[in-house]
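Below is model38.txt, which holds compact mmCIF, C-alpha atoms.
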# COMPACT_ATOMS: atom_id res chain seq x y z
CA MET E 734 16.28 -26.38 7.52
CA PHE E 735 13.17 -25.09 5.76
CA PHE E 736 13.72 -22.27 3.28
CA LYS E 737 11.21 -19.51 2.46
CA CYS E 738 12.38 -18.57 -1.02
CA GLU E 739 11.44 -14.93 -1.44
CA ASN E 740 13.97 -14.78 -4.29
CA PHE E 741 11.14 -16.29 -6.37
CA GLN E 742 8.83 -13.40 -5.41
CA LYS E 743 7.49 -10.78 -7.81
CA ALA E 744 10.23 -8.18 -8.38
CA GLY E 745 12.69 -10.69 -6.94
CA ALA E 746 12.36 -10.09 -3.19
CA PHE E 747 10.03 -10.15 -0.16
CA LYS E 748 9.50 -6.41 -0.60
CA ALA E 749 6.61 -7.19 -2.96
CA ARG E 750 4.53 -8.13 0.08
CA GLY E 751 4.73 -4.89 2.01
CA ALA E 752 4.68 -2.72 -1.10
CA THR E 753 1.51 -4.33 -2.42
CA ASN E 754 -0.20 -4.09 0.97
CA ALA E 755 0.72 -0.40 1.26
CA ILE E 756 -0.36 0.48 -2.29
CA LEU E 757 -3.70 -1.30 -1.97
CA SER E 758 -4.28 0.41 1.40
CA LEU E 759 -3.99 3.94 -0.03
CA SER E 760 -7.11 6.05 -0.19
CA ASP E 761 -8.13 7.24 -3.65
CA GLU E 762 -7.10 10.76 -2.65
CA ASP E 763 -3.60 9.71 -1.62
CA ALA E 764 -3.23 7.51 -4.67
CA LYS E 765 -3.88 10.49 -6.98
CA ARG E 766 -0.98 12.37 -5.37
CA GLY E 767 1.49 9.65 -6.32
CA VAL E 768 3.98 8.04 -3.95
CA ALA E 769 7.66 8.37 -3.11
CA THR E 770 10.11 6.25 -1.18
CA VAL E 771 13.78 5.68 -0.49
CA SER E 772 15.37 2.37 -1.39
CA SER E 773 18.59 0.62 -2.37
CA GLY E 774 16.50 -1.07 -5.04
CA ASN E 775 14.33 -3.98 -3.93
CA HIS E 776 11.64 -1.92 -2.18
CA GLY E 777 11.66 0.65 -4.96
CA ALA E 778 11.13 -2.00 -7.64
CA ALA E 779 8.41 -3.71 -5.62
CA LEU E 780 6.61 -0.43 -4.96
CA ALA E 781 6.77 0.57 -8.62
CA LYS E 782 5.41 -2.80 -9.72
CA ALA E 783 2.62 -2.71 -7.13
CA ALA E 784 1.73 0.85 -8.17
CA GLN E 785 1.03 -0.37 -11.69
CA ILE E 786 -2.06 -2.08 -10.29
CA ARG E 787 -3.63 1.32 -9.54
CA GLY E 788 -1.84 3.44 -12.12
CA ILE E 789 0.02 5.43 -9.46
CA PRO E 790 3.22 7.37 -10.34
CA VAL E 791 6.24 6.46 -8.18
CA THR E 792 9.49 8.28 -7.40
CA VAL E 793 12.35 6.36 -5.76
CA ILE E 794 15.31 7.98 -3.99
CA MET E 795 18.27 5.60 -4.48
CA PRO E 796 21.93 5.75 -3.34
CA TYR E 797 24.12 6.32 -6.38
CA ASN E 798 26.11 3.15 -5.62
CA SER E 799 23.11 0.80 -5.68
CA ALA E 800 23.56 -2.31 -7.82
CA LYS E 801 23.09 -1.73 -11.56
CA ILE E 802 20.51 -4.52 -11.78
CA LYS E 803 18.44 -2.79 -9.10
CA PHE E 804 18.49 0.54 -10.95
CA GLU E 805 17.35 -1.28 -14.07
CA ALA E 806 14.56 -3.07 -12.22
CA VAL E 807 13.16 0.14 -10.72
CA LYS E 808 13.23 1.83 -14.13
CA SER E 809 11.61 -1.17 -15.84
CA TYR E 810 8.51 -0.80 -13.67
CA GLY E 811 8.12 2.85 -14.66
CA ALA E 812 9.41 4.68 -11.58
CA GLU E 813 11.33 7.94 -11.64
CA ILE E 814 14.72 7.70 -9.89
CA ILE E 815 16.55 10.41 -7.95
CA THR E 816 20.05 9.50 -6.73
CA CYS E 817 21.57 10.51 -3.42
CA GLU E 818 24.65 9.91 -1.31
CA PRO E 819 24.92 6.37 0.14
CA ASP E 820 24.28 7.18 3.80
CA GLN E 821 21.18 7.17 5.96
CA ILE E 822 21.01 10.92 6.55
CA SER E 823 21.31 11.73 2.85
CA ARG E 824 18.65 9.16 1.92
CA GLU E 825 16.09 10.47 4.39
CA SER E 826 16.80 14.16 3.77
CA ALA E 827 16.52 13.70 0.00
CA LEU E 828 13.17 12.00 0.47
CA GLN E 829 11.86 14.75 2.75
CA GLU E 830 13.06 17.47 0.38
CA TYR E 831 11.28 15.83 -2.56
CA VAL E 832 8.06 15.32 -0.59
CA SER E 833 8.02 18.95 0.59
CA LYS E 834 8.15 20.11 -3.03
CA THR E 835 5.60 17.70 -4.46
CA ASP E 836 3.21 16.70 -1.63
CA VAL E 837 3.27 13.03 -2.71
CA ALA E 838 2.38 10.27 -0.25
CA VAL E 839 5.35 8.55 1.40
CA ILE E 840 5.59 4.78 1.64
CA HIS E 841 8.69 4.22 3.73
CA PRO E 842 10.52 0.91 3.18
CA TYR E 843 10.17 -0.13 6.84
CA ASN E 844 8.87 2.67 9.11
CA ASP E 845 5.30 2.00 8.03
CA GLU E 846 2.77 -0.31 9.71
CA ARG E 847 1.37 -1.35 6.30
CA ILE E 848 4.84 -2.44 5.23
CA ILE E 849 5.51 -4.36 8.46
CA ALA E 850 2.20 -6.19 8.18
CA GLY E 851 2.79 -7.05 4.54
CA GLN E 852 6.31 -8.36 5.12
CA GLY E 853 5.01 -10.51 7.98
CA THR E 854 3.04 -12.65 5.54
CA ALA E 855 6.30 -14.40 4.56
CA GLY E 856 6.68 -15.64 8.13
CA LEU E 857 2.98 -16.45 8.28
CA GLU E 858 3.21 -18.70 5.21
CA LEU E 859 6.38 -20.33 6.54
CA MET E 860 4.64 -21.22 9.81
CA GLU E 861 1.53 -22.45 8.01
CA GLY E 862 3.73 -24.97 6.21
CA GLN E 863 5.86 -25.87 9.25
CA PRO E 864 3.99 -24.91 12.44
CA GLU E 865 6.42 -26.72 14.76
CA LEU E 866 9.59 -24.84 13.82
CA ASP E 867 11.99 -24.32 16.72
CA ALA E 868 13.45 -21.16 15.23
CA VAL E 869 13.06 -18.76 12.32
CA ILE E 870 15.85 -16.53 11.00
CA SER E 871 15.31 -13.37 8.97
CA PRO E 872 17.73 -10.75 7.64
CA VAL E 873 17.54 -7.38 9.37
CA SER E 874 18.26 -3.88 8.12
CA GLY E 875 15.50 -1.34 8.65
CA GLY E 876 13.60 -4.11 10.38
CA GLY E 877 10.39 -4.37 8.36
CA LEU E 878 10.87 -8.03 7.51
CA LEU E 879 12.22 -9.06 10.92
CA SER E 880 9.54 -7.24 12.93
CA GLY E 881 6.76 -8.52 10.66
CA THR E 882 8.21 -12.03 10.83
CA ALA E 883 8.38 -11.90 14.61
CA LEU E 884 4.75 -10.80 14.89
CA ALA E 885 3.57 -13.53 12.53
CA VAL E 886 5.73 -16.33 13.91
CA LYS E 887 5.00 -15.59 17.56
CA GLY E 888 1.32 -15.24 16.72
CA MET E 889 1.36 -18.74 15.24
CA ASN E 890 3.61 -20.43 17.82
CA SER E 891 4.84 -18.57 20.89
CA ASN E 892 7.49 -21.26 21.48
CA THR E 893 9.31 -20.56 18.21
CA ASP E 894 12.40 -18.39 18.62
CA VAL E 895 13.00 -15.62 16.09
CA PHE E 896 16.51 -14.43 15.22
CA GLY E 897 17.81 -11.63 13.05
CA ALA E 898 20.87 -11.97 10.80
CA GLU E 899 22.90 -8.79 10.33
CA PRO E 900 26.21 -7.88 8.62
CA GLU E 901 29.07 -6.96 10.94
CA GLY E 902 29.61 -3.91 8.74
CA ALA E 903 26.11 -2.57 9.50
CA ASP E 904 25.37 -3.93 12.96
CA ASP E 905 23.17 -1.19 14.42
CA THR E 906 20.37 -3.60 15.39
CA PHE E 907 22.82 -5.83 17.27
CA LEU E 908 24.25 -2.81 19.10
CA SER E 909 20.79 -1.37 19.73
CA MET E 910 19.57 -4.63 21.29
CA LYS E 911 22.58 -4.61 23.64
CA ALA E 912 22.09 -0.95 24.57
CA GLY E 913 18.31 -1.11 24.94
CA GLU E 914 17.91 1.86 22.61
CA ILE E 915 18.60 2.70 18.99
CA VAL E 916 22.32 3.07 18.32
CA PRO E 917 22.96 4.58 14.86
CA ASN E 918 25.55 3.11 12.52
CA LYS E 919 28.74 5.15 12.57
CA ARG E 920 29.75 3.55 9.27
CA VAL E 921 28.25 1.07 6.83
CA ASP E 922 30.53 -1.34 4.98
CA THR E 923 28.99 -4.58 3.71
CA ILE E 924 28.52 -6.49 0.49
CA ALA E 925 24.86 -6.97 1.45
CA ASP E 926 23.54 -3.82 -0.23
CA GLY E 927 19.98 -4.54 0.84
CA LEU E 928 20.99 -4.45 4.52
CA ARG E 929 22.58 -1.01 4.82
CA SER E 930 19.63 0.88 6.33
CA GLN E 931 19.27 2.03 9.93
CA ILE E 932 16.85 0.16 12.21
CA GLY E 933 13.51 1.99 12.33
CA ILE E 934 11.70 3.68 15.18
CA LEU E 935 8.59 1.56 14.52
CA THR E 936 10.38 -1.71 13.94
CA PHE E 937 12.90 -1.64 16.79
CA PRO E 938 10.40 -1.83 19.69
CA ILE E 939 8.81 -4.92 18.10
CA ILE E 940 12.21 -6.54 17.57
CA GLN E 941 13.31 -5.63 21.08
CA ARG E 942 10.23 -7.28 22.56
CA MET E 943 9.86 -10.37 20.36
CA VAL E 944 13.23 -11.34 18.86
CA THR E 945 15.50 -13.74 20.75
CA GLY E 946 18.75 -12.36 19.38
CA ILE E 947 20.72 -10.83 16.51
CA ILE E 948 23.51 -12.85 14.90
CA THR E 949 26.19 -10.83 13.09
CA VAL E 950 28.21 -12.30 10.24
CA THR E 951 31.15 -11.15 8.15
CA ASP E 952 31.00 -10.47 4.44
CA ALA E 953 33.20 -13.53 3.89
CA GLU E 954 30.66 -15.70 5.72
CA ILE E 955 27.83 -14.19 3.66
CA ILE E 956 29.68 -14.96 0.42
CA ASP E 957 30.36 -18.54 1.53
CA ALA E 958 26.67 -19.08 2.29
CA MET E 959 25.64 -17.48 -1.00
CA GLU E 960 27.97 -19.76 -2.95
CA LEU E 961 26.69 -22.80 -1.07
CA ILE E 962 23.08 -21.95 -1.94
CA TRP E 963 23.96 -21.50 -5.60
CA GLU E 964 25.92 -24.78 -5.73
CA ARG E 965 23.79 -27.08 -3.56
CA MET E 966 20.27 -25.68 -3.89
CA LYS E 967 20.65 -24.53 -7.50
CA ILE E 968 18.86 -21.25 -6.87
CA LEU E 969 19.95 -17.64 -7.25
CA VAL E 970 20.16 -15.43 -4.15
CA GLU E 971 21.79 -12.09 -3.46
CA PRO E 972 24.14 -11.51 -0.48
CA SER E 973 21.31 -10.00 1.59
CA GLY E 974 19.27 -13.15 0.97
CA ALA E 975 22.08 -15.53 1.91
CA ILE E 976 22.79 -13.97 5.29
CA SER E 977 20.20 -16.04 7.19
CA LEU E 978 21.93 -19.29 6.19
CA ALA E 979 25.28 -17.69 7.02
CA ALA E 980 24.01 -17.07 10.55
CA VAL E 981 23.05 -20.75 10.99
CA LEU E 982 26.39 -21.94 9.68
CA LYS E 983 28.20 -19.60 12.06
CA GLU E 984 26.18 -20.66 15.12
CA LYS E 985 25.76 -24.38 14.43
CA SER E 986 25.64 -25.34 18.11
CA LEU E 987 22.73 -22.95 18.69
CA PHE E 988 20.59 -24.66 16.05
CA GLN E 989 21.79 -28.25 16.35
CA ARG E 990 18.95 -30.82 16.24
CA LYS E 991 16.36 -28.08 15.72
CA LYS E 992 13.89 -27.37 12.94
CA VAL E 993 14.93 -24.00 11.54
CA GLY E 994 13.05 -21.77 9.11
CA ILE E 995 15.30 -19.60 6.96
CA ILE E 996 14.04 -16.63 4.96
CA LEU E 997 15.97 -16.12 1.72
CA SER E 998 14.91 -12.52 1.28
CA GLY E 999 15.84 -11.85 -2.35
CA GLY E 1000 17.65 -12.80 -5.53
CA ASN E 1001 18.41 -9.51 -7.27
CA VAL E 1002 22.11 -9.89 -7.97
CA ASP E 1003 24.28 -8.64 -10.82
CA LEU E 1004 25.54 -11.77 -12.58
CA PHE E 1005 28.59 -9.89 -13.85
CA THR E 1006 29.85 -8.95 -10.38
CA LEU E 1007 29.44 -12.16 -8.39
CA PRO E 1008 31.61 -12.09 -5.24
CA PHE E 1009 32.73 -15.67 -5.70

Take the structure in the file and give it back as structure tokens.
Amino acid sequence: MFFKCENFQKAGAFKARGATNAILSLSDEDAKRGVATVSSGNHGAALAKAAQIRGIPVTVIMPYNSAKIKFEAVKSYGAEIITCEPDQISRESALQEYVSKTDVAVIHPYNDERIIAGQGTAGLELMEGQPELDAVISPVSGGGLLSGTALAVKGMNSNTDVFGAEPEGADDTFLSMKAGEIVPNKRVDTIADGLRSQIGILTFPIIQRMVTGIITVTDAEIIDAMELIWERMKILVEPSGAISLAAVLKEKSLFQRKKVGIILSGGNVDLFTLPF
């Protein structure tokens, strides 16, 4: 197994990639308007940090039950925070309401081609280091990382399979792949707070076309993988980051005797509320 440790990334997660690409792609006119987004924390923090490069004001819509450490990170990079209810409809409607009042530019956490392209650089770098990987596994929520990873990995080696790892308590991508169309989550219940979003209308077609399969795992399996990473690898990951290893451990026969690339997507975890 070859690990892409995005928990060492700026702002603590892979989100720095897409956020930086999106911020640097803004026209001067759009940059002056400021930007807004919706995020459980990692994308918001990454966007706020990237915006410092150009002196752009940022507003982040966050579910009120986001992790304390993620609230603190977003604030530390100078963003304004507006809280909302912890469901997809509330998140999106709060964002649209704010944008209609302010006319700021929107940088969506995954339904944005600039974000998808930026996130894909993690997979690109992984393949540059290990071009003969048999498989690559990425977490999936809104799908920015997984769709970007699939584009990059398949562009480097068409024989490499790409899999998504998804919590059973937020398995809309798994259900959508089976149905052949987007199936919304009826409920979201998972410890992986970074994986509670709904699959996106831009990301799903890419995933549908290029991803071999979605592996769902329980919260207990995520926690076991997270603890294993902390104990054996001596590095800090959050539940959303540990899910890719959890998927391999659950489907050992699928990956036996194969070279597998695993994206550890982030390490923003509250040390006072560890699940193990």

Measuring between all atoms listed in the file, which one of E:Thr770, E:Ser874, E:Asn844, E:Thr936 shows the shortest distance to E:Ile976?
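Between E:Thr770, E:Ser874, E:Asn844, E:Thr936, the residue approaching E:Ile976 most closely is E:Ser874.
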
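Minimum atom-to-atom distances from E:Gln863, E:Ser977, E:Ser760, E:Ser833 to E:Pro900 were compared using all atoms listed in the file, and the lowest value belongs to E:Ser977.
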
Measuring between all atoms listed in the file, which one of E:Gly767, E:Pro819, E:Pro938, E:Gly862 shows the shortest distance to E:Val832?
E:Gly767

Name the residues in contact with E:Asp836 at a cut-off of 10 Å, using all atoms listed in the file, excluding same-chain residues fewer than 3 positions from it; report them as a ChimeraX atom specification.
/E:763,766-769,829,831-833,839

Export C-alpha atoms of the chosen residues as a short mmCIF file (atom, residue, chain, number, x, y, z; two decimals), keeping the file's coordinate frame?
data_model
loop_
_atom_site.label_atom_id
_atom_site.label_comp_id
_atom_site.auth_asym_id
_atom_site.auth_seq_id
_atom_site.Cartn_x
_atom_site.Cartn_y
_atom_site.Cartn_z
CA ASP E 763 -3.60 9.71 -1.62
CA ARG E 766 -0.98 12.37 -5.37
CA GLY E 767 1.49 9.65 -6.32
CA VAL E 768 3.98 8.04 -3.95
CA ALA E 769 7.66 8.37 -3.11
CA GLN E 829 11.86 14.75 2.75
CA TYR E 831 11.28 15.83 -2.56
CA VAL E 832 8.06 15.32 -0.59
CA SER E 833 8.02 18.95 0.59
CA VAL E 839 5.35 8.55 1.40
#

Two-atom distance - atom CA of E:Ile955, atom CA of E:Ala979 (Å)
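These atoms are spaced 5.5 Å apart.
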
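Nearest to E:Glu813 of all the residues E:Pro972, E:Gly999, E:Gly777, E:Pro796 is E:Gly777, counting all atoms listed in the file.
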
Kindly complete stretch 830-859 of chain E to N, CA and C atoms; the output should be written as a PDB file, in the coordinates of the input.
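Result file is rebuild_6.pdb:
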ATOM      1  N   GLU E 830      12.987  16.305   1.266  1.00  0.00           N
ATOM      2  CA  GLU E 830      13.060  17.470   0.380  1.00  0.00           C
ATOM      3  C   GLU E 830      12.139  17.297  -0.827  1.00  0.00           C
ATOM      4  N   TYR E 831      12.136  16.094  -1.398  1.00  0.00           N
ATOM      5  CA  TYR E 831      11.280  15.830  -2.560  1.00  0.00           C
ATOM      6  C   TYR E 831       9.799  15.911  -2.165  1.00  0.00           C
ATOM      7  N   VAL E 832       9.460  15.328  -1.040  1.00  0.00           N
ATOM      8  CA  VAL E 832       8.060  15.320  -0.590  1.00  0.00           C
ATOM      9  C   VAL E 832       7.563  16.738  -0.307  1.00  0.00           C
ATOM     10  N   SER E 833       8.423  17.573   0.275  1.00  0.00           N
ATOM     11  CA  SER E 833       8.020  18.950   0.590  1.00  0.00           C
ATOM     12  C   SER E 833       7.721  19.757  -0.661  1.00  0.00           C
ATOM     13  N   LYS E 834       8.361  19.388  -1.774  1.00  0.00           N
ATOM     14  CA  LYS E 834       8.150  20.110  -3.030  1.00  0.00           C
ATOM     15  C   LYS E 834       6.959  19.589  -3.819  1.00  0.00           C
ATOM     16  N   THR E 835       6.596  18.341  -3.600  1.00  0.00           N
ATOM     17  CA  THR E 835       5.600  17.700  -4.460  1.00  0.00           C
ATOM     18  C   THR E 835       4.315  17.287  -3.744  1.00  0.00           C
ATOM     19  N   ASP E 836       4.376  17.122  -2.416  1.00  0.00           N
ATOM     20  CA  ASP E 836       3.210  16.700  -1.630  1.00  0.00           C
ATOM     21  C   ASP E 836       2.732  15.288  -2.002  1.00  0.00           C
ATOM     22  N   VAL E 837       3.641  14.419  -2.435  1.00  0.00           N
ATOM     23  CA  VAL E 837       3.270  13.030  -2.710  1.00  0.00           C
ATOM     24  C   VAL E 837       3.147  12.268  -1.388  1.00  0.00           C
ATOM     25  N   ALA E 838       2.498  11.119  -1.439  1.00  0.00           N
ATOM     26  CA  ALA E 838       2.380  10.270  -0.250  1.00  0.00           C
ATOM     27  C   ALA E 838       3.669   9.454  -0.098  1.00  0.00           C
ATOM     28  N   VAL E 839       4.118   9.298   1.128  1.00  0.00           N
ATOM     29  CA  VAL E 839       5.350   8.550   1.400  1.00  0.00           C
ATOM     30  C   VAL E 839       4.996   7.122   1.814  1.00  0.00           C
ATOM     31  N   ILE E 840       5.672   6.164   1.181  1.00  0.00           N
ATOM     32  CA  ILE E 840       5.590   4.780   1.640  1.00  0.00           C
ATOM     33  C   ILE E 840       7.013   4.371   1.989  1.00  0.00           C
ATOM     34  N   HIS E 841       7.332   4.496   3.265  1.00  0.00           N
ATOM     35  CA  HIS E 841       8.690   4.220   3.730  1.00  0.00           C
ATOM     36  C   HIS E 841       8.969   2.724   3.639  1.00  0.00           C
ATOM     37  N   PRO E 842      10.219   2.343   3.351  1.00  0.00           N
ATOM     38  CA  PRO E 842      10.520   0.910   3.180  1.00  0.00           C
ATOM     39  C   PRO E 842      10.361   0.064   4.439  1.00  0.00           C
ATOM     40  N   TYR E 843      10.348   0.680   5.628  1.00  0.00           N
ATOM     41  CA  TYR E 843      10.170  -0.130   6.840  1.00  0.00           C
ATOM     42  C   TYR E 843       9.464   0.608   7.970  1.00  0.00           C
ATOM     43  N   ASN E 844       9.566   1.925   8.055  1.00  0.00           N
ATOM     44  CA  ASN E 844       8.870   2.670   9.110  1.00  0.00           C
ATOM     45  C   ASN E 844       7.428   2.950   8.700  1.00  0.00           C
ATOM     46  N   ASP E 845       6.676   1.893   8.505  1.00  0.00           N
ATOM     47  CA  ASP E 845       5.300   2.000   8.030  1.00  0.00           C
ATOM     48  C   ASP E 845       4.577   0.719   8.462  1.00  0.00           C
ATOM     49  N   GLU E 846       3.490   0.861   9.200  1.00  0.00           N
ATOM     50  CA  GLU E 846       2.770  -0.310   9.710  1.00  0.00           C
ATOM     51  C   GLU E 846       2.232  -1.191   8.579  1.00  0.00           C
ATOM     52  N   ARG E 847       1.867  -0.578   7.447  1.00  0.00           N
ATOM     53  CA  ARG E 847       1.370  -1.350   6.300  1.00  0.00           C
ATOM     54  C   ARG E 847       2.483  -2.224   5.713  1.00  0.00           C
ATOM     55  N   ILE E 848       3.678  -1.685   5.726  1.00  0.00           N
ATOM     56  CA  ILE E 848       4.840  -2.440   5.230  1.00  0.00           C
ATOM     57  C   ILE E 848       5.161  -3.589   6.171  1.00  0.00           C
ATOM     58  N   ILE E 849       5.209  -3.321   7.464  1.00  0.00           N
ATOM     59  CA  ILE E 849       5.510  -4.360   8.460  1.00  0.00           C
ATOM     60  C   ILE E 849       4.521  -5.508   8.363  1.00  0.00           C
ATOM     61  N   ALA E 850       3.233  -5.160   8.266  1.00  0.00           N
ATOM     62  CA  ALA E 850       2.200  -6.190   8.180  1.00  0.00           C
ATOM     63  C   ALA E 850       2.353  -7.019   6.903  1.00  0.00           C
ATOM     64  N   GLY E 851       2.620  -6.340   5.801  1.00  0.00           N
ATOM     65  CA  GLY E 851       2.790  -7.050   4.540  1.00  0.00           C
ATOM     66  C   GLY E 851       3.982  -7.991   4.553  1.00  0.00           C
ATOM     67  N   GLN E 852       5.107  -7.506   5.070  1.00  0.00           N
ATOM     68  CA  GLN E 852       6.310  -8.360   5.120  1.00  0.00           C
ATOM     69  C   GLN E 852       6.074  -9.572   6.019  1.00  0.00           C
ATOM     70  N   GLY E 853       5.266  -9.407   7.047  1.00  0.00           N
ATOM     71  CA  GLY E 853       5.010 -10.510   7.980  1.00  0.00           C
ATOM     72  C   GLY E 853       4.333 -11.708   7.350  1.00  0.00           C
ATOM     73  N   THR E 854       3.711 -11.512   6.175  1.00  0.00           N
ATOM     74  CA  THR E 854       3.040 -12.650   5.540  1.00  0.00           C
ATOM     75  C   THR E 854       4.017 -13.731   5.098  1.00  0.00           C
ATOM     76  N   ALA E 855       5.293 -13.376   4.889  1.00  0.00           N
ATOM     77  CA  ALA E 855       6.300 -14.400   4.560  1.00  0.00           C
ATOM     78  C   ALA E 855       6.460 -15.361   5.736  1.00  0.00           C
ATOM     79  N   GLY E 856       6.581 -14.809   6.938  1.00  0.00           N
ATOM     80  CA  GLY E 856       6.680 -15.640   8.130  1.00  0.00           C
ATOM     81  C   GLY E 856       5.411 -16.412   8.395  1.00  0.00           C
ATOM     82  N   LEU E 857       4.269 -15.795   8.102  1.00  0.00           N
ATOM     83  CA  LEU E 857       2.980 -16.450   8.280  1.00  0.00           C
ATOM     84  C   LEU E 857       2.900 -17.704   7.406  1.00  0.00           C
ATOM     85  N   GLU E 858       3.264 -17.562   6.140  1.00  0.00           N
ATOM     86  CA  GLU E 858       3.210 -18.700   5.210  1.00  0.00           C
ATOM     87  C   GLU E 858       4.213 -19.781   5.619  1.00  0.00           C
ATOM     88  N   LEU E 859       5.374 -19.371   6.085  1.00  0.00           N
ATOM     89  CA  LEU E 859       6.380 -20.330   6.540  1.00  0.00           C
ATOM     90  C   LEU E 859       5.841 -21.164   7.698  1.00  0.00           C
TER      91      LEU E 859
END
